[in-house]
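Next comes protein_25.cif, a file with mmCIF, C-alpha atoms.
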```cif
data_target
#
loop_
_atom_site.label_atom_id
_atom_site.label_comp_id
_atom_site.auth_asym_id
_atom_site.auth_seq_id
_atom_site.Cartn_x
_atom_site.Cartn_y
_atom_site.Cartn_z
CA MET Q 14 -10.11 4.92 9.43
CA LYS Q 15 -12.29 2.04 8.26
CA HIS Q 16 -9.47 -0.38 7.42
CA ILE Q 17 -5.77 -0.70 8.16
CA PHE Q 18 -5.03 -0.13 4.46
CA GLU Q 19 -6.25 3.44 4.89
CA SER Q 20 -3.47 4.09 7.41
CA THR Q 21 -0.78 6.65 6.67
CA LEU Q 22 2.64 5.03 7.13
CA LEU Q 23 5.83 7.05 7.51
CA LEU Q 24 9.04 5.26 6.45
CA VAL Q 25 12.25 6.75 7.85
CA ASP Q 26 15.47 5.53 6.24
CA ASP Q 27 18.35 7.27 4.46
CA ASN Q 28 18.61 4.59 1.75
CA GLY Q 29 16.49 5.76 -1.18
CA GLU Q 30 16.55 2.37 -2.91
CA PHE Q 31 15.40 0.66 0.29
CA LEU Q 32 12.57 3.19 0.69
CA ARG Q 33 11.39 2.51 -2.86
CA MET Q 34 11.51 -1.25 -2.28
CA VAL Q 35 9.51 -1.13 0.97
CA THR Q 36 7.04 1.34 -0.53
CA GLY Q 37 6.48 -1.07 -3.41
CA ILE Q 38 5.93 -3.99 -1.02
CA LEU Q 39 3.38 -2.02 0.98
CA LYS Q 40 1.51 -0.77 -2.06
CA ARG Q 41 1.30 -4.22 -3.58
CA GLU Q 42 -0.34 -5.39 -0.37
CA GLY Q 43 -2.92 -2.60 -0.57
CA PHE Q 44 -1.61 0.22 1.64
CA LEU Q 45 -2.67 3.50 0.06
CA HIS Q 46 -0.83 6.25 1.94
CA ILE Q 47 2.94 5.97 2.35
CA ASP Q 48 5.25 8.89 3.13
CA CYS Q 49 9.03 8.85 3.42
CA ALA Q 50 11.72 10.76 5.30
CA ALA Q 51 15.49 10.31 5.05
CA SER Q 52 16.75 12.00 8.21
CA VAL Q 53 15.94 13.14 11.72
CA ARG Q 54 15.37 16.67 10.45
CA GLU Q 55 12.96 15.58 7.70
CA THR Q 56 11.01 13.48 10.20
CA GLN Q 57 10.71 16.35 12.67
CA ASP Q 58 9.57 18.69 9.89
CA TYR Q 59 7.02 16.07 8.82
CA PHE Q 60 5.51 15.95 12.31
CA LEU Q 61 5.13 19.73 12.28
CA LYS Q 62 2.71 19.36 9.37
CA LYS Q 63 0.91 16.07 9.96
CA GLU Q 64 0.86 12.90 12.04
CA PRO Q 65 1.05 9.44 10.48
CA ASP Q 66 -0.76 6.42 11.85
CA MET Q 67 2.49 4.49 12.18
CA VAL Q 68 6.25 5.06 11.83
CA ILE Q 69 8.66 2.45 10.43
CA LEU Q 70 12.03 3.64 11.64
CA ASP Q 71 15.68 2.86 10.89
CA ILE Q 72 18.32 3.40 13.59
CA ASN Q 73 21.28 4.67 11.56
CA LEU Q 74 20.41 8.07 10.11
CA PRO Q 75 22.75 10.70 8.64
CA ASP Q 76 22.04 13.35 11.29
CA GLY Q 77 21.31 11.25 14.36
CA ASP Q 78 19.90 7.90 15.38
CA GLY Q 79 16.49 6.31 15.48
CA PHE Q 80 16.52 5.89 19.24
CA SER Q 81 16.85 9.61 19.95
CA LEU Q 82 14.42 10.37 17.13
CA MET Q 83 11.82 8.12 18.70
CA GLN Q 84 12.21 9.98 21.98
CA LYS Q 85 11.59 13.24 20.13
CA ILE Q 86 8.54 11.77 18.41
CA ARG Q 87 7.19 10.71 21.80
CA THR Q 88 7.19 14.34 22.97
CA VAL Q 89 4.54 15.17 20.37
CA SER Q 90 2.83 11.87 19.50
CA GLU Q 91 1.96 8.39 20.75
CA VAL Q 92 1.96 6.99 17.21
CA PRO Q 93 3.07 3.32 17.07
CA VAL Q 94 6.67 2.72 15.99
CA LEU Q 95 8.30 -0.30 14.36
CA PHE Q 96 12.10 -0.33 14.26
CA LEU Q 97 13.41 -1.83 11.00
CA SER Q 98 17.19 -1.94 11.16
CA ALA Q 99 20.26 -3.90 10.12
CA ARG Q 100 21.44 -3.77 13.73
CA ASP Q 101 20.62 -7.16 15.22
CA GLU Q 102 22.30 -6.92 18.61
CA ASP Q 103 20.11 -7.85 21.55
CA SER Q 104 21.10 -4.59 23.23
CA ASP Q 105 19.67 -2.58 20.32
CA ARG Q 106 16.46 -4.60 20.28
CA LEU Q 107 16.02 -4.20 24.04
CA LEU Q 108 16.76 -0.48 23.89
CA GLY Q 109 14.23 0.08 21.11
CA LEU Q 110 11.52 -1.88 22.87
CA GLY Q 111 12.44 -0.29 26.17
CA LEU Q 112 11.87 3.16 24.66
CA GLY Q 113 8.33 2.09 23.85
CA ALA Q 114 8.59 0.77 20.29
CA ASP Q 115 5.80 -1.61 19.33
CA ASP Q 116 8.12 -4.01 17.52
CA TYR Q 117 11.67 -4.47 16.22
CA MET Q 118 12.63 -6.20 12.96
CA VAL Q 119 16.05 -6.87 11.49
CA LYS Q 120 17.12 -6.39 7.85
CA PRO Q 121 17.06 -8.38 5.64
CA PHE Q 122 13.49 -9.38 6.26
CA LEU Q 123 10.70 -11.42 4.72
CA PRO Q 124 8.21 -9.06 3.04
CA ARG Q 125 5.26 -11.11 4.25
CA GLU Q 126 6.51 -10.96 7.83
CA LEU Q 127 6.78 -7.18 7.62
CA ILE Q 128 3.20 -6.93 6.38
CA LEU Q 129 1.95 -9.19 9.15
CA ARG Q 130 3.75 -7.24 11.85
CA ILE Q 131 2.53 -3.89 10.54
CA GLY Q 132 -1.01 -5.24 10.35
CA ALA Q 133 -0.82 -6.61 13.89
CA ILE Q 134 0.36 -3.26 15.26
CA LEU Q 135 -2.30 -1.27 13.42
CA LYS Q 136 -5.09 -3.62 14.48
CA ARG Q 137 -3.91 -3.62 18.08
CA THR Q 138 -3.64 0.17 18.14
CA TYR Q 139 -6.71 1.26 16.22
CA PHE Q 140 -9.06 -1.71 16.53
CA PRO Q 141 -8.34 -2.98 20.06
CA LYS Q 142 -11.60 -4.90 20.40
CA GLY Q 143 -10.68 -7.12 17.49
CA GLY Q 144 -12.93 -5.39 14.97
CA THR Q 145 -11.92 -5.90 11.39
CA ALA Q 146 -13.26 -2.55 10.11
CA VAL Q 147 -13.69 -3.05 6.39
CA TRP Q 148 -14.18 -0.72 3.45
CA GLU Q 149 -17.74 0.50 2.98
CA GLU Q 150 -17.66 -1.24 -0.38
CA GLU Q 151 -15.26 -4.15 -0.07
CA LEU Q 152 -17.16 -5.97 -2.82
CA LEU Q 153 -17.39 -4.49 -6.30
CA THR Q 154 -20.28 -5.92 -8.32
CA LEU Q 155 -19.92 -5.88 -12.09
CA GLY Q 156 -22.87 -7.60 -13.76
CA ASP Q 157 -22.82 -11.26 -12.80
CA ARG Q 158 -19.34 -11.00 -11.31
CA THR Q 159 -18.08 -9.70 -7.99
CA ALA Q 160 -14.56 -8.49 -7.28
CA ASP Q 161 -13.60 -9.17 -3.67
CA PHE Q 162 -10.71 -6.88 -2.70
CA LYS Q 163 -10.28 -8.58 0.65
CA SER Q 164 -9.78 -12.02 -0.88
CA GLY Q 165 -8.22 -10.88 -4.13
CA VAL Q 166 -10.59 -12.83 -6.36
CA VAL Q 167 -13.38 -12.32 -8.87
CA ARG Q 168 -16.39 -14.54 -8.21
CA ARG Q 169 -18.77 -15.73 -10.91
CA GLU Q 170 -21.44 -18.24 -9.92
CA ASP Q 171 -19.48 -20.96 -8.15
CA LYS Q 172 -16.09 -20.06 -9.61
CA GLU Q 173 -13.30 -17.94 -8.16
CA ILE Q 174 -10.80 -16.25 -10.48
CA PRO Q 175 -7.68 -14.95 -8.68
CA LEU Q 176 -6.48 -11.40 -9.29
CA THR Q 177 -2.78 -10.60 -9.43
CA ALA Q 178 -1.38 -7.87 -7.18
CA LYS Q 179 -1.09 -5.43 -10.08
CA GLU Q 180 -4.57 -6.22 -11.36
CA MET Q 181 -5.90 -5.43 -7.90
CA LEU Q 182 -4.01 -2.14 -7.81
CA ILE Q 183 -5.33 -1.13 -11.22
CA LEU Q 184 -8.90 -2.13 -10.41
CA ARG Q 185 -8.81 -0.39 -7.03
CA LYS Q 186 -7.47 2.80 -8.63
CA LEU Q 187 -10.26 2.73 -11.21
CA TRP Q 188 -12.81 1.94 -8.52
CA GLU Q 189 -11.69 4.83 -6.33
CA ASN Q 190 -12.32 7.10 -9.32
CA LYS Q 191 -15.37 5.27 -10.69
CA GLY Q 192 -17.12 7.19 -13.41
CA ASN Q 193 -14.09 9.42 -14.00
CA ILE Q 194 -11.14 9.08 -16.34
CA VAL Q 195 -7.99 7.62 -14.80
CA THR Q 196 -5.06 8.64 -16.97
CA PHE Q 197 -2.27 6.34 -18.07
CA ASP Q 198 0.14 8.29 -15.83
CA GLN Q 199 -2.15 7.92 -12.81
CA ILE Q 200 -2.29 4.16 -13.30
CA CYS Q 201 1.49 3.94 -13.64
CA GLN Q 202 2.01 5.98 -10.48
CA ALA Q 203 -0.43 3.78 -8.56
CA VAL Q 204 1.06 0.50 -9.75
CA TRP Q 205 4.72 1.13 -10.60
CA GLU Q 206 5.36 4.58 -9.07
CA ASP Q 207 6.66 5.70 -12.44
CA ASN Q 208 5.66 7.74 -15.47
CA TYR Q 209 3.73 6.23 -18.36
CA PHE Q 210 6.62 6.23 -20.85
CA GLY Q 211 7.79 2.67 -21.42
CA TYR Q 212 4.73 1.03 -19.86
CA GLU Q 213 2.34 1.33 -22.81
CA ASN Q 214 2.30 -2.34 -23.73
CA THR Q 215 2.47 -3.48 -20.11
CA ILE Q 216 -0.68 -1.55 -19.18
CA MET Q 217 -2.51 -2.89 -22.24
CA VAL Q 218 -1.66 -6.46 -21.23
CA HIS Q 219 -2.87 -5.96 -17.65
CA ILE Q 220 -6.08 -4.28 -18.83
CA ARG Q 221 -6.77 -7.11 -21.29
CA ARG Q 222 -6.29 -9.75 -18.59
CA LEU Q 223 -8.40 -7.77 -16.14
CA ARG Q 224 -11.22 -7.55 -18.68
CA GLU Q 225 -11.06 -11.29 -19.20
CA LYS Q 226 -11.83 -11.67 -15.51
CA ILE Q 227 -14.47 -8.98 -14.94
CA GLU Q 228 -16.23 -8.67 -18.31
CA GLU Q 229 -18.76 -11.07 -19.81
CA ASN Q 230 -17.46 -10.17 -23.25
CA PRO Q 231 -13.88 -8.78 -22.96
CA SER Q 232 -13.86 -7.67 -26.61
CA LYS Q 233 -16.92 -5.48 -25.96
CA PRO Q 234 -16.39 -4.25 -22.39
CA ARG Q 235 -19.31 -2.79 -20.42
CA PHE Q 236 -17.42 -1.75 -17.31
CA LEU Q 237 -13.71 -1.18 -17.94
CA LEU Q 238 -13.80 1.35 -20.76
CA THR Q 239 -10.98 2.83 -22.82
CA VAL Q 240 -10.90 6.61 -23.16
CA ARG Q 241 -8.85 6.98 -26.31
CA GLY Q 242 -5.62 8.88 -25.83
CA LEU Q 243 -6.23 9.53 -22.14
CA GLY Q 244 -6.68 6.37 -20.09
CA TYR Q 245 -9.47 4.22 -18.73
CA LYS Q 246 -12.73 4.59 -16.85
CA LEU Q 247 -14.70 2.19 -14.68
CA LYS Q 248 -18.43 2.43 -15.34
CA VAL Q 249 -20.53 0.84 -12.58
#
```

Output the file's structure in the form of structure tokens.
Amino acid sequence: MKHIFESTLLLVDDNGEFLRMVTGILKREGFLHIDCAASVRETQDYFLKKEPDMVILDINLPDGDGFSLMQKIRTVSEVPVLFLSARDEDSDRLLGLGLGADDYMVKPFLPRELILRIGAILKRTYFPKGGTAVWEEELLTLGDRTADFKSGVVRREDKEIPLTAKEMLILRKLWENKGNIVTFDQICQAVWEDNYFGYENTIMVHIRRLREKIEENPSKPRFLLTVRGLGYKLKV
């Protein structure tokens, strides 16, 4: 792992709408690998196949509770755990922390606070000496402009042009597949976790605005190319 955004996060909650909301928050911030489970059984089955880098765990589950589930997780893994629950009693908080949880947050929560707490846990666990561990290519150079994924800006000479969260997601997806076609559906899954249908105009608007920021001549793009009928390609 070169950066906390490469971490695999496992969200455990039986509320599907809540899982989708938190997944969206995490993806907008740049986290790339997010898995979900809705019960104790699903979580145990998950750990039989793979181990995440961090678990974000609810207490009230349909076939048990998060406290006992954490104890079961501890028999096979020392992965960091953050409790995220509507239960705000001091006794619950103390029990969770006493079982070895790294943190405890109460719903409803501030999205930014959740991101900060997750980041703090991941840095403390995987980069204990305070190293920042960045992507091998945190800066993407496109002609006379540089996209800085860490700062969320495009730099040109002495100017900084801010990127929106969705522009960053689109550009990162294209960058990860540089030189290859990224289909409309792949972009929609990366940005909205949905199929392409209904997002045609939305994607076009985001691509146009992104070109205005990274291209010298947006009407004749050199880098962000359209592949007619299929999607887009980043040529670098």

Residues selected by the PyMOL selection byres ((chain Q and resi 52) around 7), written as number ranges by chain: Q: 25-27, 50-51, 53-56, 74-76

Any chance you could export the current selection's C-alpha atoms as a PDB file, in the frame of the given file?
```pdb
ATOM      1  CA  VAL Q  25      12.250   6.750   7.850  1.00  0.00           C
ATOM      2  CA  ASP Q  26      15.470   5.530   6.240  1.00  0.00           C
ATOM      3  CA  ASP Q  27      18.350   7.270   4.460  1.00  0.00           C
ATOM      4  CA  ALA Q  50      11.720  10.760   5.300  1.00  0.00           C
ATOM      5  CA  ALA Q  51      15.490  10.310   5.050  1.00  0.00           C
ATOM      6  CA  VAL Q  53      15.940  13.140  11.720  1.00  0.00           C
ATOM      7  CA  ARG Q  54      15.370  16.670  10.450  1.00  0.00           C
ATOM      8  CA  GLU Q  55      12.960  15.580   7.700  1.00  0.00           C
ATOM      9  CA  THR Q  56      11.010  13.480  10.200  1.00  0.00           C
ATOM     10  CA  LEU Q  74      20.410   8.070  10.110  1.00  0.00           C
ATOM     11  CA  PRO Q  75      22.750  10.700   8.640  1.00  0.00           C
ATOM     12  CA  ASP Q  76      22.040  13.350  11.290  1.00  0.00           C
TER      13      ASP Q  76
END
```

What residues have an atom no more than 9 Å from (-3.4, -3.4, 2.2) in the file's own frame, counting all atoms listed in the file, and can you write them as a PyMOL selection string? chain Q and resi 16-19+39-45+128+132+163

Using all atoms listed in the file, which protein or nucleic acid residues come within 12 Å of Glu225 (chain Q)? Drop anything in the same chain fewer than 6 positions from it, and give the result as a PyMOL selection string. chain Q and resi 158+167+174-176+180+218-219+231-237

Rank nothing, just name the residue among Q:Ile38, Q:Lys62, Q:Lys246, Q:Ser20 nearest to Glu126 (chain Q), using only C-alpha atoms.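 Closest candidate: Q:Ile38.
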
Nearest candidate to Arg125 (chain Q) (options Q:Met217, Q:Ile194, Q:Val35, Q:Leu107; using all atoms listed in the file):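 Looking at the shortest contact to Arg125 (chain Q), the residue is Q:Val35.
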
Neighbouring residues of Asp101 (chain Q) were defined as those with any atom within 9 Å, considering all atoms listed in the file; residues of the same chain fewer than 4 positions away were excluded. Please report them as a short mmCIF file (atom, residue, chain, number, x, y, z; two decimals) with C-alpha atoms, in the coordinates of the input.
```
data_model
loop_
_atom_site.label_atom_id
_atom_site.label_comp_id
_atom_site.auth_asym_id
_atom_site.auth_seq_id
_atom_site.Cartn_x
_atom_site.Cartn_y
_atom_site.Cartn_z
CA ASP Q 105 19.67 -2.58 20.32
CA ARG Q 106 16.46 -4.60 20.28
CA MET Q 118 12.63 -6.20 12.96
CA VAL Q 119 16.05 -6.87 11.49
CA LYS Q 120 17.12 -6.39 7.85
#
```

Output the residue selection produced by the PyMOL selection byres ((chain Q and resi 66) around 12) on the file above, formatted as a ChimeraX atom specification. /Q:14,16-24,44,46-48,60,63-65,67-69,90-95,131-132,134-136,138-139

Considering only C-alpha atoms, can you say which of Q:Asp115, Q:Glu30, Q:Asp58, Q:Asp171 comes closest to Leu70 (chain Q)?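 Looking at the shortest contact to Leu70 (chain Q), the residue is Q:Asp115.
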
Which of these, Q:Gln202, Q:Ser98, Q:Ser104, Q:Asn214, has the shortest distance to Asn28 (chain Q) once you count all atoms listed in the file?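 Smallest distance to Asn28 (chain Q) is found for Q:Ser98.
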
May I ask which of the residues Q:Ala160, Q:Leu112, Q:Val249, Q:Leu243 is the closest one to Glu173 (chain Q), counting only C-alpha atoms? Q:Ala160

Option closest in space to Asp71 (chain Q), from Q:Arg222, Q:Phe31, Q:Gln57, Q:Arg87 [counting only C-alpha atoms]: Q:Phe31

Picked residues, the PyMOL selection byres ((chain Q and resi 200) around 12), expected as an NGL selection string: :Q and (179-190 or 194-199 or 201-210 or 212-213 or 215-217 or 219-220 or 243-246)
